[in-house]
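Engineer: Pasting work28.json here (JSON, C-alpha atoms):
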[["chain", "number", "residue", "atom", "x", "y", "z"],
["A", 1, "MET", "CA", 137.91, 92.74, 193.11],
["A", 2, "LEU", "CA", 137.00, 89.29, 191.75],
["A", 3, "VAL", "CA", 133.37, 88.28, 192.21],
["A", 4, "CYS", "CA", 131.56, 84.95, 192.25],
["A", 5, "THR", "CA", 130.18, 83.76, 188.91],
["A", 6, "VAL", "CA", 127.61, 81.34, 190.30],
["A", 7, "ARG", "CA", 124.24, 82.49, 188.96],
["A", 8, "ASP", "CA", 122.78, 85.49, 190.85],
["A", 9, "CYS", "CA", 125.57, 85.46, 193.45],
["A", 10, "ARG", "CA", 128.12, 88.12, 192.45],
["A", 11, "LEU", "CA", 129.60, 88.33, 195.97],
["A", 12, "PRO", "CA", 133.31, 89.15, 196.40],
["A", 13, "LEU", "CA", 135.76, 86.27, 196.27],
["A", 14, "LEU", "CA", 138.41, 86.02, 198.96],
["A", 15, "ARG", "CA", 141.61, 83.97, 198.81],
["A", 16, "THR", "CA", 142.00, 81.10, 201.27],
["A", 17, "ASP", "CA", 145.08, 78.98, 200.66],
["A", 18, "ARG", "CA", 144.56, 77.51, 197.15],
["A", 19, "GLN", "CA", 140.92, 78.53, 196.79],
["A", 20, "MET", "CA", 138.78, 81.60, 196.18],
["A", 21, "VAL", "CA", 135.60, 81.54, 198.26],
["A", 22, "CYS", "CA", 132.55, 83.84, 198.52],
["A", 23, "ALA", "CA", 130.40, 84.44, 201.63],
["A", 24, "ARG", "CA", 127.82, 81.91, 200.40],
["A", 25, "GLY", "CA", 130.42, 79.16, 200.32],
["A", 26, "HIS", "CA", 130.92, 78.90, 196.56],
["A", 27, "SER", "CA", 134.55, 77.96, 196.05],
["A", 28, "PHE", "CA", 136.95, 77.85, 193.11],
["A", 29, "ASP", "CA", 140.34, 76.14, 193.08],
["A", 30, "VAL", "CA", 143.42, 78.06, 192.02],
["A", 31, "ALA", "CA", 145.37, 76.02, 189.48],
["A", 32, "ARG", "CA", 148.98, 75.08, 190.19],
["A", 33, "THR", "CA", 150.07, 77.52, 187.50],
["A", 34, "GLY", "CA", 148.17, 80.31, 189.27],
["A", 35, "TYR", "CA", 145.11, 80.92, 187.10],
["A", 36, "LEU", "CA", 141.50, 80.71, 188.28],
["A", 37, "ASN", "CA", 138.67, 78.99, 186.41],
["A", 38, "LEU", "CA", 135.37, 80.81, 187.05],
["A", 39, "LEU", "CA", 133.59, 79.51, 183.95],
["A", 40, "GLN", "CA", 130.16, 78.10, 184.73],
["A", 41, "PRO", "CA", 128.78, 75.08, 182.81],
["A", 42, "GLN", "CA", 125.88, 77.08, 181.34],
["A", 43, "GLU", "CA", 128.31, 79.67, 179.95],
["A", 44, "ARG", "CA", 130.01, 77.31, 177.51],
["A", 45, "ARG", "CA", 128.76, 75.97, 174.21],
["A", 46, "SER", "CA", 131.26, 73.13, 174.04],
["A", 47, "LYS", "CA", 133.43, 71.10, 176.38],
["A", 48, "ALA", "CA", 136.51, 73.07, 175.30],
["A", 49, "PRO", "CA", 135.42, 76.60, 174.32],
["A", 50, "GLY", "CA", 137.73, 79.22, 172.90],
["A", 51, "ASP", "CA", 141.19, 78.76, 171.42],
["A", 52, "SER", "CA", 142.57, 75.26, 171.21],
["A", 53, "VAL", "CA", 146.09, 74.25, 172.20],
["A", 54, "ALA", "CA", 147.05, 74.29, 168.50],
["A", 55, "ALA", "CA", 145.59, 77.76, 167.99],
["A", 56, "VAL", "CA", 147.46, 79.13, 171.01],
["A", 57, "ALA", "CA", 150.72, 77.57, 169.82],
["A", 58, "GLY", "CA", 150.29, 78.90, 166.29],
["A", 59, "ARG", "CA", 149.80, 82.47, 167.52],
["A", 60, "ARG", "CA", 152.67, 82.19, 170.01],
["A", 61, "ARG", "CA", 155.07, 81.18, 167.25],
["A", 62, "VAL", "CA", 154.33, 84.47, 165.49],
["A", 63, "TYR", "CA", 154.83, 86.42, 168.74],
["A", 64, "ASP", "CA", 158.15, 84.69, 169.45],
["A", 65, "LEU", "CA", 159.43, 85.71, 166.02],
["A", 66, "GLY", "CA", 158.88, 89.36, 166.98],
["A", 67, "VAL", "CA", 156.37, 89.89, 164.19],
["A", 68, "ALA", "CA", 153.80, 91.54, 166.46],
["A", 69, "ALA", "CA", 156.27, 93.97, 168.07],
["A", 70, "PRO", "CA", 155.11, 96.96, 165.95],
["A", 71, "LEU", "CA", 151.48, 96.16, 166.86],
["A", 72, "LEU", "CA", 152.41, 95.97, 170.54],
["A", 73, "ALA", "CA", 154.20, 99.32, 170.33],
["A", 74, "GLY", "CA", 151.12, 100.90, 168.75],
["A", 75, "ILE", "CA", 148.83, 99.42, 171.42],
["A", 76, "ALA", "CA", 151.13, 100.57, 174.23],
["A", 77, "GLU", "CA", 151.22, 104.12, 172.89],
["A", 78, "ALA", "CA", 147.52, 104.33, 172.04],
["A", 79, "SER", "CA", 146.40, 102.96, 175.42],
["A", 80, "ARG", "CA", 148.36, 105.62, 177.32],
["A", 81, "ALA", "CA", 149.02, 102.99, 179.98],
["A", 82, "GLU", "CA", 151.04, 104.13, 182.99],
["A", 83, "ALA", "CA", 152.40, 102.50, 186.14],
["A", 84, "ASP", "CA", 149.37, 103.41, 188.26],
["A", 85, "ASP", "CA", 146.85, 101.86, 185.85],
["A", 86, "VAL", "CA", 144.88, 98.74, 186.71],
["A", 87, "VAL", "CA", 144.34, 96.98, 183.38],
["A", 88, "LEU", "CA", 141.98, 94.25, 182.22],
["A", 89, "ASP", "CA", 142.54, 92.49, 178.91],
["A", 90, "ALA", "CA", 139.15, 91.02, 177.95],
["A", 91, "GLY", "CA", 139.93, 88.10, 175.64],
["A", 92, "CYS", "CA", 143.59, 88.04, 176.62],
["A", 93, "GLY", "CA", 144.53, 84.83, 174.82],
["A", 94, "ASP", "CA", 147.97, 83.66, 175.93],
["A", 95, "GLY", "CA", 148.65, 87.07, 177.47],
["A", 96, "TYR", "CA", 151.15, 88.46, 174.93],
["A", 97, "TYR", "CA", 149.80, 92.01, 174.79],
["A", 98, "LEU", "CA", 148.83, 92.26, 178.46],
["A", 99, "GLY", "CA", 152.01, 90.68, 179.79],
["A", 100, "SER", "CA", 154.19, 92.77, 177.50],
["A", 101, "LEU", "CA", 152.34, 95.97, 178.42],
["A", 102, "THR", "CA", 152.74, 95.38, 182.14],
["A", 103, "GLY", "CA", 156.44, 94.76, 181.57],
["A", 104, "LEU", "CA", 156.78, 98.01, 179.64],
["A", 105, "CYS", "CA", 154.97, 100.36, 182.02],
["A", 106, "GLY", "CA", 154.65, 98.53, 185.33],
["A", 107, "CYS", "CA", 150.84, 98.60, 185.47],
["A", 108, "ARG", "CA", 148.82, 95.89, 187.23],
["A", 109, "GLY", "CA", 147.52, 93.37, 184.71],
["A", 110, "HIS", "CA", 144.46, 91.11, 184.77],
["A", 111, "GLY", "CA", 143.37, 88.89, 181.90],
["A", 112, "VAL", "CA", 140.12, 87.07, 181.12],
["A", 113, "ASP", "CA", 139.57, 84.51, 178.39],
["A", 114, "ILE", "CA", 137.16, 81.62, 177.83],
["A", 115, "SER", "CA", 139.97, 79.27, 176.71],
["A", 116, "ILE", "CA", 141.67, 77.21, 179.41],
["A", 117, "PRO", "CA", 144.74, 76.46, 177.22],
["A", 118, "ALA", "CA", 145.16, 80.19, 176.51],
["A", 119, "VAL", "CA", 144.86, 81.31, 180.14],
["A", 120, "GLU", "CA", 147.10, 78.50, 181.35],
["A", 121, "ALA", "CA", 149.75, 79.54, 178.82],
["A", 122, "ALA", "CA", 149.39, 83.16, 179.98],
["A", 123, "ALA", "CA", 149.78, 82.16, 183.63],
["A", 124, "ARG", "CA", 152.96, 80.23, 182.89],
["A", 125, "ARG", "CA", 154.59, 82.97, 180.83],
["A", 126, "TYR", "CA", 153.35, 86.06, 182.70],
["A", 127, "PRO", "CA", 152.98, 85.07, 186.38],
["A", 128, "ALA", "CA", 152.76, 88.71, 187.50],
["A", 129, "CYS", "CA", 149.38, 89.03, 185.72],
["A", 130, "GLU", "CA", 146.18, 87.54, 187.11],
["A", 131, "GLY", "CA", 144.60, 85.04, 184.70],
["A", 132, "VAL", "CA", 140.93, 84.08, 184.86],
["A", 133, "VAL", "CA", 138.88, 81.70, 182.72],
["A", 134, "ALA", "CA", 135.41, 83.19, 182.23],
["A", 135, "ASN", "CA", 132.91, 84.11, 179.54],
["A", 136, "ALA", "CA", 133.31, 87.89, 179.30],
["A", 137, "ASP", "CA", 130.64, 87.97, 176.59],
["A", 138, "ARG", "CA", 128.10, 87.44, 179.40],
["A", 139, "PHE", "CA", 129.73, 88.70, 182.59],
["A", 140, "VAL", "CA", 133.15, 90.05, 183.48],
["A", 141, "PRO", "CA", 133.84, 88.63, 186.98],
["A", 142, "TYR", "CA", 135.14, 91.81, 188.60],
["A", 143, "SER", "CA", 133.53, 94.42, 190.82],
["A", 144, "ASP", "CA", 132.13, 97.74, 189.59],
["A", 145, "GLY", "CA", 134.79, 100.36, 188.81],
["A", 146, "ALA", "CA", 137.68, 97.94, 189.31],
["A", 147, "PHE", "CA", 139.78, 99.12, 186.35],
["A", 148, "SER", "CA", 141.24, 102.30, 184.92],
["A", 149, "LEU", "CA", 141.88, 100.70, 181.50],
["A", 150, "VAL", "CA", 140.20, 97.88, 179.59],
["A", 151, "LEU", "CA", 141.73, 96.31, 176.47],
["A", 152, "SER", "CA", 139.80, 94.40, 173.84],
["A", 153, "ILE", "CA", 142.34, 93.24, 171.25],
["A", 154, "THR", "CA", 140.76, 91.44, 168.30],
["A", 155, "ALA", "CA", 138.31, 89.95, 170.78],
["A", 156, "ARG", "CA", 134.59, 89.93, 171.43],
["A", 157, "MET", "CA", 133.21, 93.11, 172.99],
["A", 158, "ASN", "CA", 130.73, 93.71, 175.80],
["A", 159, "PRO", "CA", 130.03, 97.48, 176.05],
["A", 160, "GLY", "CA", 127.76, 97.29, 179.10],
["A", 161, "GLU", "CA", 130.15, 95.16, 181.13],
["A", 162, "PHE", "CA", 133.17, 97.22, 180.07],
["A", 163, "ARG", "CA", 131.44, 100.36, 181.31],
["A", 164, "ARG", "CA", 130.46, 98.70, 184.59],
["A", 165, "ILE", "CA", 133.98, 97.61, 185.50],
["A", 166, "LEU", "CA", 135.64, 100.88, 184.45],
["A", 167, "ARG", "CA", 136.16, 103.83, 186.75],
["A", 168, "ALA", "CA", 134.45, 107.13, 186.00],
["A", 169, "ASP", "CA", 137.70, 108.39, 184.41],
["A", 170, "GLY", "CA", 138.44, 105.06, 182.73],
["A", 171, "ARG", "CA", 139.66, 104.35, 179.21],
["A", 172, "LEU", "CA", 138.88, 101.56, 176.76],
["A", 173, "LEU", "CA", 141.18, 100.52, 173.94],
["A", 174, "VAL", "CA", 139.61, 98.42, 171.20],
["A", 175, "ALA", "CA", 141.87, 96.86, 168.55],
["A", 176, "LEU", "CA", 140.00, 95.68, 165.46],
["A", 177, "PRO", "CA", 141.45, 93.63, 162.60],
["A", 178, "ALA", "CA", 141.76, 96.15, 159.75],
["A", 179, "PRO", "CA", 140.44, 95.19, 156.30],
["A", 180, "ASP", "CA", 143.94, 94.22, 155.13],
["A", 181, "ASP", "CA", 144.83, 92.18, 158.22],
["A", 182, "LEU", "CA", 146.02, 88.71, 157.12],
["A", 183, "ILE", "CA", 144.69, 89.50, 153.67],
["A", 184, "GLU", "CA", 147.04, 86.93, 152.12],
["A", 185, "LEU", "CA", 145.34, 84.22, 154.20],
["A", 186, "ARG", "CA", 141.78, 85.48, 154.49],
["A", 187, "GLY", "CA", 141.40, 87.10, 151.06],
["A", 188, "SER", "CA", 140.02, 90.55, 150.27],
["A", 189, "GLY", "CA", 136.59, 91.92, 151.04],
["A", 190, "ARG", "CA", 136.89, 92.06, 154.82],
["A", 191, "GLU", "CA", 134.51, 94.53, 156.46],
["A", 192, "ASP", "CA", 135.79, 97.82, 157.92],
["A", 193, "ARG", "CA", 134.32, 97.58, 161.43],
["A", 194, "VAL", "CA", 135.31, 100.98, 162.82],
["A", 195, "ASP", "CA", 132.04, 102.88, 162.32],
["A", 196, "ARG", "CA", 129.90, 100.01, 163.60],
["A", 197, "THR", "CA", 132.09, 99.59, 166.68],
["A", 198, "VAL", "CA", 131.98, 103.30, 167.51],
["A", 199, "ALA", "CA", 128.20, 103.16, 167.24],
["A", 200, "ASP", "CA", 128.04, 100.07, 169.49],
["A", 201, "PHE", "CA", 129.88, 101.94, 172.25],
["A", 202, "ALA", "CA", 128.26, 105.35, 171.76],
["A", 203, "ALA", "CA", 125.84, 105.07, 174.70],
["A", 204, "ASP", "CA", 128.59, 104.97, 177.32],
["A", 205, "PHE", "CA", 131.85, 105.91, 175.59],
["A", 206, "ALA", "CA", 133.28, 108.74, 173.48],
["A", 207, "LEU", "CA", 135.94, 108.07, 170.85],
["A", 208, "ILE", "CA", 138.99, 110.24, 171.57],
["A", 209, "GLN", "CA", 141.63, 108.73, 169.28],
["A", 210, "GLN", "CA", 141.78, 106.53, 166.20],
["A", 211, "GLU", "CA", 144.75, 105.19, 164.29],
["A", 212, "ARG", "CA", 145.89, 102.22, 162.24],
["A", 213, "VAL", "CA", 149.05, 100.27, 162.91],
["A", 214, "SER", "CA", 150.37, 97.81, 160.34],
["A", 215, "THR", "CA", 153.37, 95.63, 159.65],
["A", 216, "SER", "CA", 154.29, 92.69, 157.45],
["A", 217, "ALA", "CA", 156.69, 89.78, 157.73],
["A", 218, "ASP", "CA", 158.13, 86.96, 155.67],
["A", 219, "LEU", "CA", 156.96, 83.72, 157.29],
["A", 220, "ASP", "CA", 158.07, 80.18, 156.58],
["A", 221, "ALA", "CA", 155.54, 77.51, 155.66],
["A", 222, "ASP", "CA", 155.35, 76.02, 159.16],
["A", 223, "THR", "CA", 154.62, 79.43, 160.71],
["A", 224, "VAL", "CA", 151.97, 80.10, 158.08],
["A", 225, "ALA", "CA", 150.38, 76.73, 158.91],
["A", 226, "GLY", "CA", 150.33, 77.62, 162.62],
["A", 227, "LEU", "CA", 148.84, 81.02, 161.87],
["A", 228, "LEU", "CA", 146.09, 79.37, 159.86],
["A", 229, "ARG", "CA", 145.33, 77.11, 162.81],
["A", 230, "SER", "CA", 145.15, 80.18, 165.07],
["A", 231, "ILE", "CA", 142.41, 81.68, 162.89],
["A", 232, "TYR", "CA", 140.69, 78.32, 162.36],
["A", 233, "ARG", "CA", 141.31, 78.17, 158.63],
["A", 234, "PRO", "CA", 142.38, 74.88, 157.07],
["A", 235, "ALA", "CA", 145.51, 74.83, 154.97],
["A", 236, "ALA", "CA", 145.13, 74.34, 151.23],
["A", 237, "ALA", "CA", 145.18, 70.80, 149.92],
["A", 238, "GLY", "CA", 148.78, 71.18, 148.80],
["A", 239, "GLY", "CA", 149.95, 72.47, 152.17],
["A", 240, "THR", "CA", 151.40, 75.87, 152.97],
["A", 241, "VAL", "CA", 154.29, 77.80, 151.45],
["A", 242, "ASP", "CA", 156.59, 80.60, 152.56],
["A", 243, "MET", "CA", 154.88, 83.96, 152.13],
["A", 244, "ARG", "CA", 154.82, 87.58, 153.22],
["A", 245, "VAL", "CA", 151.85, 88.26, 155.51],
["A", 246, "THR", "CA", 150.25, 91.56, 156.51],
["A", 247, "PHE", "CA", 149.21, 92.32, 160.09],
["A", 248, "SER", "CA", 147.04, 95.39, 160.60],
["A", 249, "LEU", "CA", 144.92, 96.76, 163.46],
["A", 250, "ASP", "CA", 142.56, 99.71, 163.83],
["A", 251, "LEU", "CA", 143.07, 101.15, 167.31],
["A", 252, "LEU", "CA", 140.15, 102.98, 168.91],
["A", 253, "LEU", "CA", 140.66, 104.73, 172.25],
["A", 254, "PHE", "CA", 137.47, 105.62, 174.15],
["A", 255, "ARG", "CA", 136.83, 107.46, 177.39],
["A", 256, "VAL", "CA", 133.90, 106.87, 179.70],
["A", 257, "LEU", "CA", 131.08, 109.38, 179.29]]
Can the structure in the file be given as structure tokens, please?

Structural biologist:
Amino acid sequence: MLVCTVRDCRLPLLRTDRQMVCARGHSFDVARTGYLNLLQPQERRSKAPGDSVAAVAGRRRVYDLGVAAPLLAGIAEASRAEADDVVLDAGCGDGYYLGSLTGLCGCRGHGVDISIPAVEAAARRYPACEGVVANADRFVPYSDGAFSLVLSITARMNPGEFRRILRADGRLLVALPAPDDLIELRGSGREDRVDRTVADFAADFALIQQERVSTSADLDADTVAGLLRSIYRPAAAGGTVDMRVTFSLDLLLFRVL
């Protein structure tokens, strides 16, 4: 199912002890925590792309407080995930949504993210899910038709690659930050991205369901500071304060045309 990411190779990768190797001899070490780094040097714009350790920790603190539970419930219901699904979370972060979903329905979970700290955290917390470091904006390192369900949860989107790796009867769930998501931290005026996203996927996907799921929570100043780090926004000069914060996602379920 996994394929080699060396330029113009794309041959299947096979497990040999602690490595994944293709027929041309390209090899990739499996980390002690179980994840696989397939990111090529030309696919990164910095030495440490994606979420930082601080960003991952800030988001995890919110998850551990249970704040995202209503969002997870909405994603689980909207995705229609079942035990026989093979699921890819493209931009999985530390694996909260994917790992929780596999625990709820028993599906097989695979996650891809460009951030090593995020994928390493996912591998430690959700060992039943396969974690891969790769740049899914360019190439998703899996074979054609490998998945029955792809998730893109507040992440970058790659319509062509999502269609390639989905089965003919596959589904795609896109979760977009709604205009009021984190409005207390980001401010008002955020774009409603639903229509543009539907248009971006129109060549290969049909929208079959749309809904919005929202919640809010009272967060202490330290949690607010961590949340700001997770969205790469500096705290105000005077520091952070306790506040009530809104979390809101637009959920778009597509089927393959």

Engineer: Got a sec: who's within 9 Å of stretch 128-139 of chain A, counting only C-alpha atoms, leaving out chain neighbours fewer than 5 positions off, as a short mmCIF file (atom, residue, chain, number, x, y, z; two decimals) with C-alpha atoms, in the coordinates of the input?

Structural biologist:
data_model
loop_
_atom_site.label_atom_id
_atom_site.label_comp_id
_atom_site.auth_asym_id
_atom_site.auth_seq_id
_atom_site.Cartn_x
_atom_site.Cartn_y
_atom_site.Cartn_z
CA THR A 5 130.18 83.76 188.91
CA GLY A 34 148.17 80.31 189.27
CA TYR A 35 145.11 80.92 187.10
CA LEU A 36 141.50 80.71 188.28
CA ASN A 37 138.67 78.99 186.41
CA LEU A 38 135.37 80.81 187.05
CA LEU A 39 133.59 79.51 183.95
CA GLN A 40 130.16 78.10 184.73
CA GLU A 43 128.31 79.67 179.95
CA ARG A 44 130.01 77.31 177.51
CA ALA A 90 139.15 91.02 177.95
CA GLY A 91 139.93 88.10 175.64
CA CYS A 92 143.59 88.04 176.62
CA GLY A 95 148.65 87.07 177.47
CA LEU A 98 148.83 92.26 178.46
CA GLY A 99 152.01 90.68 179.79
CA THR A 102 152.74 95.38 182.14
CA ARG A 108 148.82 95.89 187.23
CA GLY A 109 147.52 93.37 184.71
CA HIS A 110 144.46 91.11 184.77
CA GLY A 111 143.37 88.89 181.90
CA VAL A 112 140.12 87.07 181.12
CA ASP A 113 139.57 84.51 178.39
CA ILE A 114 137.16 81.62 177.83
CA SER A 115 139.97 79.27 176.71
CA ILE A 116 141.67 77.21 179.41
CA ALA A 118 145.16 80.19 176.51
CA VAL A 119 144.86 81.31 180.14
CA GLU A 120 147.10 78.50 181.35
CA ALA A 122 149.39 83.16 179.98
CA ALA A 123 149.78 82.16 183.63
CA ARG A 156 134.59 89.93 171.43
CA MET A 157 133.21 93.11 172.99
CA ASN A 158 130.73 93.71 175.80
CA GLU A 161 130.15 95.16 181.13
#

Engineer: When you count only C-alpha atoms, which of these residues is closest to A:Ile231: A:Ser152, A:Asp29, A:Val56, A:Gln42?

Structural biologist: A:Val56

Engineer: For A:Arg244, which residue among A:Leu149, A:Leu172, A:Val67, A:Leu257 is the nearest when counting all atoms listed in the file?

Structural biologist: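 Among the listed residues, A:Val67 lies closest to A:Arg244.
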
Engineer: So that I can check the surroundings of A:Leu182, please list as a PDB file with C-alpha atoms, keeping the file's coordinate frame every protein, DNA and RNA residue that reaches within 8 Å of it, counting all atoms listed in the file and ignoring chain neighbours fewer than 2 positions away.

Structural biologist:
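Output below, filename out_13.pdb:
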ATOM      1  CA  ASP A 180     143.940  94.220 155.130  1.00  0.00           C
ATOM      2  CA  GLU A 184     147.040  86.930 152.120  1.00  0.00           C
ATOM      3  CA  LEU A 185     145.340  84.220 154.200  1.00  0.00           C
ATOM      4  CA  ARG A 186     141.780  85.480 154.490  1.00  0.00           C
ATOM      5  CA  GLY A 187     141.400  87.100 151.060  1.00  0.00           C
ATOM      6  CA  VAL A 245     151.850  88.260 155.510  1.00  0.00           C
ATOM      7  CA  THR A 246     150.250  91.560 156.510  1.00  0.00           C
ATOM      8  CA  PHE A 247     149.210  92.320 160.090  1.00  0.00           C
ATOM      9  CA  SER A 248     147.040  95.390 160.600  1.00  0.00           C
TER      10      SER A 248
END

Engineer: Using atom CA of A:Phe254 and atom CA of A:Phe205 as the two end points, give the distance in Å to one decimal.

Structural biologist: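 Separating atom CA of A:Phe254 from atom CA of A:Phe205 is a distance of 5.8 Å.
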
Engineer: If you measure from atom CA of A:Ala235 to atom CA of A:Arg124, what distance in Å do you get, rounded to one decimal?

Structural biologist: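 That distance, rounded to one decimal, is 29.4 Å.
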
Engineer: Which one of A:Arg15, A:Arg164, A:Arg171, A:Arg60 sits closest to A:Gly226 if you count all atoms listed in the file?

Structural biologist: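 Between A:Arg15, A:Arg164, A:Arg171, A:Arg60, the residue approaching A:Gly226 most closely is A:Arg60.
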
Engineer: Just give me the gap between atom CA of A:Asp242 and atom CA of A:Ser188 in Å, one decimal is fine.

Structural biologist: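 Atom CA of A:Asp242 sits 19.5 Å away from atom CA of A:Ser188.
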
Engineer: Please provide as a ChimeraX atom specification all residues within 12 Å of A:Gly25, with the sequence filter that same-chain residues fewer than 6 positions apart are discarded (counting all atoms listed in the file).

Structural biologist: /A:4,6,9,11-14,16,19

Engineer: Taking all atoms listed in the file into account, name the residue in A:Ala217, A:Val198, A:Leu228, A:Val30 that is nearest to A:Arg255.

Structural biologist: A:Val198

Engineer: For a quick check of understanding, using all atoms listed in the file, which of A:Arg61, A:Ile208, A:Asp8, A:Gly145 has the smallest distance to A:Arg80?

Structural biologist: A:Ile208

Engineer: Nearest residue to A:Arg163 out of A:Leu252, A:Arg7, A:Ala203, A:Arg125, using only C-alpha atoms?

Structural biologist: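 Among the listed residues, A:Ala203 lies closest to A:Arg163.
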